[in-house]
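Colleague: Below is run.txt; it holds compact mmCIF, C-alpha atoms.
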```
# COMPACT_ATOMS: atom_id res chain seq x y z
CA GLY A 105 132.02 -54.78 37.63
CA LEU A 106 134.59 -52.29 36.45
CA LEU A 107 133.59 -49.76 39.11
CA GLY A 108 134.30 -52.13 41.98
CA TYR A 109 130.71 -53.30 42.45
CA PRO A 110 129.81 -57.00 42.26
CA SER A 111 128.67 -58.01 38.78
CA GLU A 112 125.02 -58.92 38.34
CA PRO A 113 124.96 -62.68 37.59
CA VAL A 114 121.76 -62.63 35.51
CA PRO A 115 123.28 -61.42 32.21
CA PHE A 116 125.85 -64.22 32.20
CA ARG A 117 123.29 -66.82 33.21
CA GLU A 118 120.83 -65.75 30.53
CA ARG A 119 123.51 -65.55 27.86
CA TYR A 120 124.25 -69.13 28.81
CA SER A 121 120.55 -69.89 28.26
CA PHE A 122 120.79 -68.34 24.80
CA TYR A 123 123.79 -70.49 23.85
CA GLN A 124 122.17 -73.59 25.32
CA GLY A 125 119.03 -72.90 23.29
CA ARG A 126 120.91 -72.25 20.06
CA SER A 127 123.06 -75.37 20.48
CA ARG A 128 119.93 -77.55 20.58
CA LEU A 129 118.78 -76.40 17.13
CA PRO A 130 117.66 -77.98 14.90
CA GLN A 131 117.63 -81.38 16.67
CA ASP A 132 115.62 -80.39 19.77
CA PRO A 133 113.39 -77.39 19.00
CA LYS A 134 111.18 -77.80 22.10
CA GLY A 135 114.20 -77.95 24.40
CA ALA A 136 115.71 -74.96 22.61
CA GLU A 137 112.47 -73.01 23.02
CA ALA A 138 112.58 -73.32 26.83
CA PHE A 139 116.14 -71.97 27.02
CA LEU A 140 115.50 -69.17 24.54
CA ARG A 141 112.37 -68.05 26.38
CA ARG A 142 114.43 -67.88 29.58
CA ALA A 143 116.98 -65.68 27.81
CA LEU A 144 114.23 -63.42 26.44
CA ALA A 145 112.54 -63.14 29.84
CA ALA A 146 115.73 -61.48 31.10
CA PHE A 147 116.42 -59.48 27.91
CA PRO A 148 113.17 -58.95 25.98
CA ASP A 149 114.93 -56.89 23.28
CA ASP A 150 117.60 -59.50 22.44
CA LEU A 151 117.02 -59.76 18.67
CA GLU A 152 119.43 -62.67 18.28
CA ALA A 153 117.53 -64.74 20.86
CA MET A 154 114.23 -63.67 19.27
CA ALA A 155 115.36 -64.88 15.83
CA GLU A 156 116.55 -68.21 17.25
CA LEU A 157 113.22 -68.63 19.08
CA GLY A 158 111.45 -67.99 15.77
CA PHE A 159 113.51 -70.79 14.21
CA ALA A 160 112.73 -73.14 17.14
CA LEU A 161 109.01 -72.47 16.72
CA TYR A 162 109.14 -72.94 12.93
CA LEU A 163 110.81 -76.33 13.41
CA GLN A 164 107.91 -77.46 15.60
CA GLY A 165 105.54 -77.37 12.65
CA PRO A 166 102.51 -75.56 11.24
CA SER A 167 100.78 -74.99 14.59
CA ARG A 168 103.67 -72.67 15.58
CA TYR A 169 104.17 -70.89 12.24
CA GLU A 170 102.19 -67.75 13.08
CA GLU A 171 104.09 -67.18 16.31
CA ALA A 172 107.39 -67.76 14.50
CA ALA A 173 106.39 -65.32 11.74
CA SER A 174 105.61 -62.54 14.21
CA LEU A 175 109.02 -62.96 15.86
CA TYR A 176 110.83 -62.92 12.51
CA GLU A 177 108.91 -59.82 11.43
CA LYS A 178 109.86 -58.01 14.64
CA VAL A 179 113.54 -58.90 14.22
CA LEU A 180 113.61 -57.96 10.53
CA ALA A 181 111.94 -54.60 11.17
CA LEU A 182 114.80 -53.68 13.50
CA LEU A 183 117.80 -55.58 12.16
CA PRO A 184 117.39 -57.23 8.75
CA ASN A 185 120.12 -59.74 7.92
CA PRO A 186 120.49 -62.49 5.29
CA ASP A 187 120.31 -65.43 7.72
CA THR A 188 117.04 -64.30 9.32
CA LEU A 189 115.60 -63.35 5.92
CA ALA A 190 116.41 -66.82 4.55
CA ARG A 191 114.78 -68.53 7.53
CA TYR A 192 111.74 -66.27 7.24
CA GLY A 193 111.58 -67.07 3.52
CA ARG A 194 111.46 -70.79 4.33
CA LEU A 195 108.63 -70.23 6.78
CA LEU A 196 106.68 -68.23 4.18
CA TYR A 197 107.32 -70.99 1.61
CA HIS A 198 105.80 -73.58 3.96
CA GLN A 199 102.81 -71.30 4.49
CA GLY A 200 102.28 -71.17 0.72
CA ARG A 201 103.05 -67.43 0.64
CA PHE A 202 105.34 -67.77 -2.38
CA SER A 203 105.57 -64.15 -3.55
CA GLU A 204 106.47 -63.00 -0.01
CA ALA A 205 108.98 -65.85 0.31
CA GLU A 206 110.57 -64.82 -2.99
CA LYS A 207 110.87 -61.24 -1.75
CA ALA A 208 112.53 -62.38 1.51
CA TYR A 209 115.01 -64.59 -0.34
CA ARG A 210 115.87 -61.87 -2.84
CA GLU A 211 116.47 -59.40 0.02
CA ALA A 212 118.74 -61.97 1.68
CA LEU A 213 120.69 -62.27 -1.57
CA GLN A 214 121.05 -58.50 -1.81
CA GLY A 215 122.80 -58.65 1.57
CA ASN A 216 124.84 -61.73 0.66
CA PRO A 217 124.73 -62.86 -2.99
CA ARG A 218 126.45 -66.17 -2.13
CA HIS A 219 124.00 -67.16 0.65
CA LEU A 220 123.36 -70.83 -0.17
CA ASP A 221 120.22 -71.21 1.96
CA ALA A 222 118.63 -68.22 0.24
CA ARG A 223 119.63 -69.43 -3.23
CA TRP A 224 118.28 -72.94 -2.61
CA GLY A 225 115.12 -71.58 -0.98
CA LEU A 226 114.54 -69.24 -3.91
CA ALA A 227 114.88 -72.21 -6.29
CA GLU A 228 112.16 -74.03 -4.32
CA VAL A 229 109.87 -70.99 -4.50
CA LEU A 230 110.45 -70.54 -8.23
CA LEU A 231 109.71 -74.24 -8.77
CA ALA A 232 106.45 -73.90 -6.82
CA GLN A 233 105.55 -70.97 -9.08
CA GLY A 234 106.31 -72.99 -12.23
CA ARG A 235 109.33 -70.85 -13.19
CA LEU A 236 111.47 -73.86 -14.03
CA ALA A 237 114.35 -72.24 -15.93
CA GLU A 238 115.01 -69.70 -13.15
CA ALA A 239 114.69 -72.38 -10.46
CA GLU A 240 117.13 -74.66 -12.28
CA GLY A 241 119.67 -71.86 -12.63
CA PHE A 242 119.63 -71.14 -8.89
CA VAL A 243 119.81 -74.76 -7.74
CA ARG A 244 122.58 -75.67 -10.20
CA GLY A 245 124.52 -72.67 -8.85
CA VAL A 246 124.14 -74.02 -5.31
CA LEU A 247 125.36 -77.46 -6.41
CA ARG A 248 128.39 -75.95 -8.18
CA GLU A 249 129.47 -74.26 -4.95
CA ALA A 250 128.37 -76.98 -2.53
CA PRO A 251 127.87 -80.36 -4.27
CA ASP A 252 126.59 -81.97 -1.04
CA TYR A 253 124.19 -79.18 -0.07
CA PRO A 254 121.25 -81.00 1.62
CA LEU A 255 118.22 -81.47 -0.65
CA ALA A 256 119.63 -79.44 -3.57
CA ARG A 257 119.77 -82.60 -5.72
CA PHE A 258 116.19 -83.32 -4.62
CA THR A 259 115.07 -79.88 -5.78
CA LEU A 260 116.89 -80.27 -9.09
CA ALA A 261 115.31 -83.70 -9.56
CA LYS A 262 111.83 -82.20 -9.05
CA ILE A 263 112.60 -79.53 -11.65
CA LEU A 264 113.87 -82.13 -14.13
CA LEU A 265 110.77 -84.28 -13.61
CA GLU A 266 108.62 -81.26 -14.44
CA LYS A 267 110.67 -80.88 -17.62
CA GLY A 268 110.30 -84.59 -18.47
CA ASP A 269 113.92 -85.65 -17.81
CA LYS A 270 113.28 -88.79 -15.76
CA GLY A 271 116.76 -90.32 -16.24
CA GLU A 272 118.80 -87.56 -14.62
CA ALA A 273 116.11 -87.04 -11.99
CA VAL A 274 116.35 -90.69 -10.87
CA ARG A 275 120.16 -90.48 -10.73
CA LEU A 276 119.95 -87.33 -8.58
CA LEU A 277 117.34 -88.82 -6.25
CA LYS A 278 119.46 -91.93 -5.71
CA ALA A 279 122.53 -89.77 -5.01
CA GLU A 280 120.56 -87.64 -2.55
CA LEU A 281 119.13 -90.69 -0.79
CA ALA A 282 122.62 -92.17 -0.40
CA LYS A 283 123.80 -89.00 1.38
CA ASN A 284 120.56 -87.99 3.10
CA PRO A 285 118.01 -90.72 3.93
CA ASP A 286 115.07 -88.32 3.85
CA PRO A 287 111.59 -89.93 3.66
CA GLU A 288 110.37 -87.29 1.19
CA VAL A 289 113.24 -88.11 -1.18
CA LYS A 290 112.55 -91.85 -0.90
CA ALA A 291 108.83 -91.33 -1.51
CA LEU A 292 109.49 -89.37 -4.70
CA LEU A 293 112.04 -91.89 -5.96
CA ASP A 294 109.64 -94.78 -5.30
CA LYS A 295 106.85 -92.91 -7.10
CA VAL A 296 109.04 -92.19 -10.14
CA LEU A 297 110.33 -95.77 -10.36
CA ALA A 298 106.79 -97.17 -10.06
CA LYS A 299 105.72 -95.33 -13.24
```
Could I get this structure in the form of structure tokens?
Modeller:
Amino acid sequence: GLLGYPSEPVPFRERYSFYQGRSRLPQDPKGAEAFLRRALAAFPDDLEAMAELGFALYLQGPSRYEEAASLYEKVLALLPNPDTLARYGRLLYHQGRFSEAEKAYREALQGNPRHLDARWGLAEVLLAQGRLAEAEGFVRGVLREAPDYPLARFTLAKILLEKGDKGEAVRLLKAELAKNPDPEVKALLDKVLAK
């Protein structure tokens, strides 16, 4: 330390655990969870580690959603920021809590109006609520700024199908599938082509 005393090794070691946990996301959420819990055991008030643990739990599926939500809520009560709000919005969307998800996404956009994850997530929520024109505006804005944004073409295709525009929807689904071989995209494309 600065005063001539030996530095305590735990902070460095647990910061390493935090970085190891974060580096495993999103590919290995269970592995990330173990590292992030180790970091939080040493520093229970580390909001950054708490938010990353919430993300790791969310990625593990519906059985972990409640635990993830409580961590996000704790972080957001103390230090709201657009990234955590956008991730919390996605969790709420998957729980079917659309009005709360919309609120989280709109708060994220107040903090950062160009936040692509929040804009895409809000488009998904608006689509789920049947607000097609608003949803289309948000997702087309995402595609203007980031033409290869993952699943944005998929979201736009779903909106266009709701509006009855099968031709452009099929083109978008094929383009998305070429860039991102997602089973949900393939399933929708197969369903549309079978009609």
Colleague: Give me the residues near Phe147 of chain A as a compact mmCIF listing (two decimals) with C-alpha atoms, in the coordinates of the input, where near means some atom within 10 Å (using only C-alpha atoms) and where sequence neighbours in that chain fewer than 3 positions away do not count.
Modeller:
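Output contents, as saved in out34.txt:
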```txt
# COMPACT_ATOMS: atom_id res chain seq x y z
CA VAL A 114 121.76 -62.63 35.51
CA PRO A 115 123.28 -61.42 32.21
CA GLU A 118 120.83 -65.75 30.53
CA ARG A 119 123.51 -65.55 27.86
CA ARG A 141 112.37 -68.05 26.38
CA ARG A 142 114.43 -67.88 29.58
CA ALA A 143 116.98 -65.68 27.81
CA LEU A 144 114.23 -63.42 26.44
CA ASP A 150 117.60 -59.50 22.44
CA LEU A 151 117.02 -59.76 18.67
CA ALA A 153 117.53 -64.74 20.86
CA MET A 154 114.23 -63.67 19.27
```
Colleague: Using all atoms listed in the file, determine which residues lie at most 10 Å from Gly193 of chain A, disregarding the query and same-chain residues fewer than 2 positions distant; provide the list as a PyMOL selection string.
Modeller: chain A and resi 173+176+187-191+195-199+201-212+221-222+225-226+229
Colleague: What separation in Å, quoted to one decimal, exists between atom CA of Leu276 of chain A and atom CA of Gln233 of chain A?
Modeller: 21.8 Å
Colleague: Quick one: everything within 9 Å of segment 120-135 of chain A, counting all atoms listed in the file, minus sequence neighbours fewer than 3 positions away in the same chain. Send it as a PyMOL selection string.
Modeller: chain A and resi 115-117+138-144+152-153+156-157+159-164
Colleague: Using all atoms listed in the file, determine which residues lie at most 8 Å from segment 282-299 of chain A, disregarding the query and same-chain residues fewer than 4 positions distant; provide the list as a CSV table (one decimal) with C-alpha atoms, keeping the file's coordinate frame.
Modeller:
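To be explicit, this is the file written out as result20.csv:
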```csv
chain,number,residue,atom,x,y,z
A,252,ASP,CA,126.6,-82.0,-1.0
A,254,PRO,CA,121.2,-81.0,1.6
A,255,LEU,CA,118.2,-81.5,-0.6
A,258,PHE,CA,116.2,-83.3,-4.6
A,270,LYS,CA,113.3,-88.8,-15.8
A,274,VAL,CA,116.4,-90.7,-10.9
A,277,LEU,CA,117.3,-88.8,-6.2
A,278,LYS,CA,119.5,-91.9,-5.7
```
Colleague: Using atom CA of Gly158 of chain A and atom CA of Leu182 of chain A as the two end points, give the distance in Å to one decimal.
Modeller: 14.9 Å
